[in-house]
Amino acid sequence: MTPSSRQVPVCIETGSKRVFASALDWPGWSRSGRDEAAALQTLFEYGPRYARVLRSTGLGFTPPSSVAALKVEEHLKGSATTDFGSPGAFPKVDAKPITPADVEHFAVLLHACWKTFDAIVRKAQGRELRKGPRGGGRNLETMVRHIYEADGAYLGGLGWKPIGPPTGRASEELQRMRLGILDGLTASLHGDIPARGPRGGVRWTARRFVRRVAWHVLDHAWEIEDRLA
């Protein structure tokens with residue numbers, strides 16, 4: 001894997017306490033810092049890690065050779081969500097309609113993210129995760145449940161529902177939720193989801209949805225991995 005000198009379009013989301021840098025063309029590759037420079041540096045440092053996620057996909061991702069290759073194309077105003085630790089604003093590109101090729105691309109990318117998460121969860125089975133400096137941090141079972149519940153909330157933002165009722169079996173529910181995510185993308189492509197909900201609220205676009213799902217599952221996959229170190 002040879003780093004690339006090609007420029008990578010990035011957006012910057014600035015809150016009062018935290019800044020996120022996110023690659024516009026690569027959902028899931030988004031990291032934060034105390035200021036713009038720190039966020040860009042962390043995003044760059046995670047490039048090889050993100051490349052490992054997509055290594056077997058054929059999507060052609062190559063990490064940049066230097067932080068200077070990260071080209072900021074848009075600045076976004078953050079919020080309490082940003083400061084809490086999640087990217088909450090979304091770039092203009094996420095308003096673009098999706099195509100069949102986009103859905104195929106997103107499906108491959110999401111499968112790679114899920115495969116990474118599942119592999120790290122298997123590695124962590126039966127092992128204790130290191131606690132944070134104040135003794136905080138979810139355990140493995142709680143983390144998996146959190147991913148499932150968050151994905152359900154993201155599907156709600158898109159305007160779609162997961163497949164079937166909860167079963168109480170976390171791994172089974174997670175797989176069904178993922179099928180719901182892919183079905184939701186297909187429904188969005190075919191125009192089966194109105195842009196506004198029954199109460200008039202604006203629903204998430206498909207690109208915004210994929211960006212959030214990919215970021216969230218990788219963020220926790222890497223957290224688990226780091227807490228095993």
# chains A, B, ... in the order shown; residues from 1 in each chain; ligands from 1
>>> residues_around(residues="Glu149 of chain A", least_positions_apart="4", cutoff="10 Å", atoms="only C-alpha atoms", output="list of chain:residue names")
A:Met143, A:Val144, A:Arg145, A:Ala153, A:Tyr154, A:Leu155, A:Glu173, A:Leu174, A:Met177
>>> select_by_dssp(residues="segment 3-156 of chain A", states="strand (DSSP E)", output="number ranges by chain")
A: 8-14, 19-23, 30-33, 70-77
>>> residues_around(residues="segment 113-124 of chain A", least_positions_apart="6", cutoff="12 Å", atoms="only C-alpha atoms", output="VMD selection string")
chain A and resid 26 to 29 49 to 57 106 to 107 130 139 to 145 147 to 148 151 171 174 to 175 177 to 179 181 210 to 229
>>> write_last_selection(atoms="N, CA and C atoms", output="short mmCIF file (atom, residue, chain, number, x, y, z; two decimals), in the first residue's frame")
data_model
loop_
_atom_site.label_atom_id
_atom_site.label_comp_id
_atom_site.auth_asym_id
_atom_site.auth_seq_id
_atom_site.Cartn_x
_atom_site.Cartn_y
_atom_site.Cartn_z
N TRP A 26 -15.30 9.54 1.10
CA TRP A 26 -15.07 8.27 1.78
C TRP A 26 -15.80 8.22 3.12
N PRO A 27 -17.08 7.85 3.11
CA PRO A 27 -17.84 7.76 4.36
C PRO A 27 -17.16 6.85 5.37
N GLY A 28 -17.15 7.29 6.61
CA GLY A 28 -16.51 6.52 7.68
C GLY A 28 -15.15 7.04 8.05
N TRP A 29 -14.48 7.71 7.13
CA TRP A 29 -13.15 8.27 7.41
C TRP A 29 -13.36 9.70 7.91
N ARG A 49 -5.35 3.07 8.53
CA ARG A 49 -6.32 2.23 9.24
C ARG A 49 -7.60 2.09 8.42
N TYR A 50 -8.03 3.18 7.82
CA TYR A 50 -9.21 3.14 6.96
C TYR A 50 -8.92 2.31 5.71
N ALA A 51 -7.69 2.42 5.21
CA ALA A 51 -7.31 1.64 4.03
C ALA A 51 -7.40 0.14 4.30
N ARG A 52 -7.07 -0.26 5.52
CA ARG A 52 -7.17 -1.69 5.86
C ARG A 52 -8.61 -2.16 5.85
N VAL A 53 -9.53 -1.27 6.23
CA VAL A 53 -10.95 -1.62 6.19
C VAL A 53 -11.38 -1.95 4.75
N LEU A 54 -10.90 -1.16 3.80
CA LEU A 54 -11.35 -1.28 2.41
C LEU A 54 -10.40 -2.10 1.54
N ARG A 55 -9.39 -2.70 2.16
CA ARG A 55 -8.31 -3.35 1.40
C ARG A 55 -8.82 -4.37 0.39
N SER A 56 -9.79 -5.18 0.77
CA SER A 56 -10.24 -6.27 -0.10
C SER A 56 -11.46 -5.91 -0.94
N THR A 57 -11.84 -4.63 -0.98
CA THR A 57 -13.08 -4.24 -1.66
C THR A 57 -12.90 -3.89 -3.12
N PHE A 106 -21.84 2.09 -2.02
CA PHE A 106 -22.11 2.21 -0.59
C PHE A 106 -22.28 0.83 0.06
N ALA A 107 -22.93 -0.08 -0.65
CA ALA A 107 -23.12 -1.42 -0.10
C ALA A 107 -21.78 -2.12 0.13
N ARG A 130 -10.10 -2.25 28.25
CA ARG A 130 -9.47 -1.29 29.14
C ARG A 130 -10.42 -0.10 29.38
N ASN A 139 -18.95 -1.93 27.98
CA ASN A 139 -18.38 -3.25 27.76
C ASN A 139 -18.76 -3.72 26.36
N LEU A 140 -18.26 -4.88 25.96
CA LEU A 140 -18.44 -5.34 24.58
C LEU A 140 -19.90 -5.56 24.25
N GLU A 141 -20.63 -6.23 25.10
CA GLU A 141 -22.03 -6.51 24.84
C GLU A 141 -22.84 -5.23 24.70
N THR A 142 -22.56 -4.29 25.57
CA THR A 142 -23.27 -3.01 25.53
C THR A 142 -22.93 -2.24 24.26
N MET A 143 -21.68 -2.37 23.80
CA MET A 143 -21.25 -1.70 22.58
C MET A 143 -22.00 -2.24 21.36
N VAL A 144 -22.12 -3.55 21.28
CA VAL A 144 -22.85 -4.16 20.16
C VAL A 144 -24.30 -3.72 20.18
N ARG A 145 -24.92 -3.72 21.35
CA ARG A 145 -26.30 -3.27 21.48
C ARG A 145 -26.44 -1.81 21.08
N ILE A 147 -24.62 -0.16 18.90
CA ILE A 147 -24.55 -0.06 17.44
C ILE A 147 -25.91 -0.39 16.83
N TYR A 148 -26.52 -1.46 17.33
CA TYR A 148 -27.84 -1.87 16.82
C TYR A 148 -28.87 -0.76 17.03
N ASP A 151 -28.16 2.32 14.80
CA ASP A 151 -28.52 2.08 13.40
C ASP A 151 -30.03 2.18 13.20
N SER A 171 -26.53 -10.59 17.90
CA SER A 171 -25.88 -10.79 16.61
C SER A 171 -26.90 -10.95 15.49
N LEU A 174 -28.48 -7.59 14.74
CA LEU A 174 -27.56 -6.72 14.02
C LEU A 174 -27.55 -7.05 12.54
N GLN A 175 -27.57 -8.34 12.20
CA GLN A 175 -27.59 -8.74 10.80
C GLN A 175 -28.89 -8.29 10.12
N MET A 177 -30.71 -5.75 11.01
CA MET A 177 -30.65 -4.30 10.89
C MET A 177 -29.85 -3.91 9.64
N ARG A 178 -28.77 -4.64 9.38
CA ARG A 178 -27.95 -4.33 8.21
C ARG A 178 -28.71 -4.57 6.92
N LEU A 179 -29.53 -5.62 6.88
CA LEU A 179 -30.38 -5.84 5.72
C LEU A 179 -31.36 -4.67 5.56
N ILE A 181 -30.80 -1.61 6.46
CA ILE A 181 -30.02 -0.48 5.97
C ILE A 181 -29.88 -0.54 4.46
N VAL A 210 -25.56 7.12 4.93
CA VAL A 210 -24.39 6.24 4.80
C VAL A 210 -23.20 6.82 5.54
N ARG A 211 -23.00 8.11 5.43
CA ARG A 211 -21.86 8.75 6.10
C ARG A 211 -21.93 8.53 7.62
N ARG A 212 -23.13 8.65 8.18
CA ARG A 212 -23.27 8.50 9.63
C ARG A 212 -23.13 7.03 10.06
N VAL A 213 -23.77 6.12 9.32
CA VAL A 213 -23.68 4.70 9.67
C VAL A 213 -22.23 4.21 9.61
N ALA A 214 -21.52 4.56 8.54
CA ALA A 214 -20.14 4.11 8.38
C ALA A 214 -19.24 4.70 9.46
N TRP A 215 -19.40 6.00 9.74
CA TRP A 215 -18.56 6.61 10.78
C TRP A 215 -18.80 5.93 12.13
N HIS A 216 -20.05 5.71 12.48
CA HIS A 216 -20.37 5.22 13.81
C HIS A 216 -19.82 3.81 14.04
N VAL A 217 -20.01 2.92 13.07
CA VAL A 217 -19.55 1.54 13.29
C VAL A 217 -18.02 1.47 13.30
N LEU A 218 -17.35 2.27 12.48
CA LEU A 218 -15.88 2.25 12.50
C LEU A 218 -15.33 2.92 13.75
N ASP A 219 -15.98 3.99 14.19
CA ASP A 219 -15.53 4.66 15.39
C ASP A 219 -15.51 3.70 16.58
N HIS A 220 -16.55 2.89 16.70
CA HIS A 220 -16.62 1.94 17.81
C HIS A 220 -15.75 0.71 17.57
N ALA A 221 -15.60 0.31 16.33
CA ALA A 221 -14.69 -0.80 16.03
C ALA A 221 -13.28 -0.43 16.45
N TRP A 222 -12.85 0.76 16.09
CA TRP A 222 -11.49 1.21 16.45
C TRP A 222 -11.37 1.44 17.96
N GLU A 223 -12.45 1.89 18.59
CA GLU A 223 -12.43 2.06 20.03
C GLU A 223 -12.20 0.72 20.72
N ILE A 224 -12.94 -0.30 20.31
CA ILE A 224 -12.77 -1.63 20.90
C ILE A 224 -11.34 -2.12 20.69
N GLU A 225 -10.86 -1.97 19.47
CA GLU A 225 -9.51 -2.42 19.14
C GLU A 225 -8.46 -1.73 20.03
N ASP A 226 -8.63 -0.42 20.20
CA ASP A 226 -7.67 0.34 21.01
C ASP A 226 -7.75 -0.04 22.49
N ARG A 227 -8.96 -0.35 22.94
CA ARG A 227 -9.12 -0.70 24.34
C ARG A 227 -8.66 -2.13 24.66
N LEU A 228 -8.35 -2.88 23.61
CA LEU A 228 -7.75 -4.21 23.79
C LEU A 228 -6.24 -4.13 23.87
N ALA A 229 -5.67 -3.05 23.37
CA ALA A 229 -4.22 -2.92 23.27
C ALA A 229 -3.57 -2.88 24.66
#
>>> residues_around(residues="Ser16 of chain A", least_positions_apart="3", cutoff="12 Å", atoms="only C-alpha atoms", output="ChimeraX atom specification")
/A:13,19-20,33-36,77-85
>>> write_last_selection(atoms="C-alpha atoms", output="tab-separated table (two decimals), in the first residue's frame")
chain	number	residue	atom	x	y	z
A	13	GLU	CA	-17.10	20.84	11.15
A	19	VAL	CA	-13.59	19.94	15.38
A	20	PHE	CA	-14.25	17.09	12.93
A	33	GLY	CA	-9.41	17.14	17.29
A	34	ARG	CA	-9.36	20.22	19.47
A	35	ASP	CA	-8.91	22.47	16.44
A	36	GLU	CA	-8.84	22.22	12.65
A	77	LYS	CA	-20.93	25.01	11.76
A	78	GLY	CA	-20.90	22.46	14.55
A	79	SER	CA	-23.29	22.04	17.45
A	80	ALA	CA	-23.61	20.32	20.81
A	81	THR	CA	-23.52	17.05	18.86
A	82	THR	CA	-20.08	17.97	17.54
A	83	ASP	CA	-18.80	18.78	21.01
A	84	PHE	CA	-20.30	15.57	22.40
A	85	GLY	CA	-18.13	13.60	19.96
>>> residues_around(residues="segment 186-198 of chain A", least_positions_apart="2", cutoff="10 Å", atoms="only C-alpha atoms", output="PyMOL selection string")
chain A and resi 97-100+102-104+107+156-160+180-184+200-206
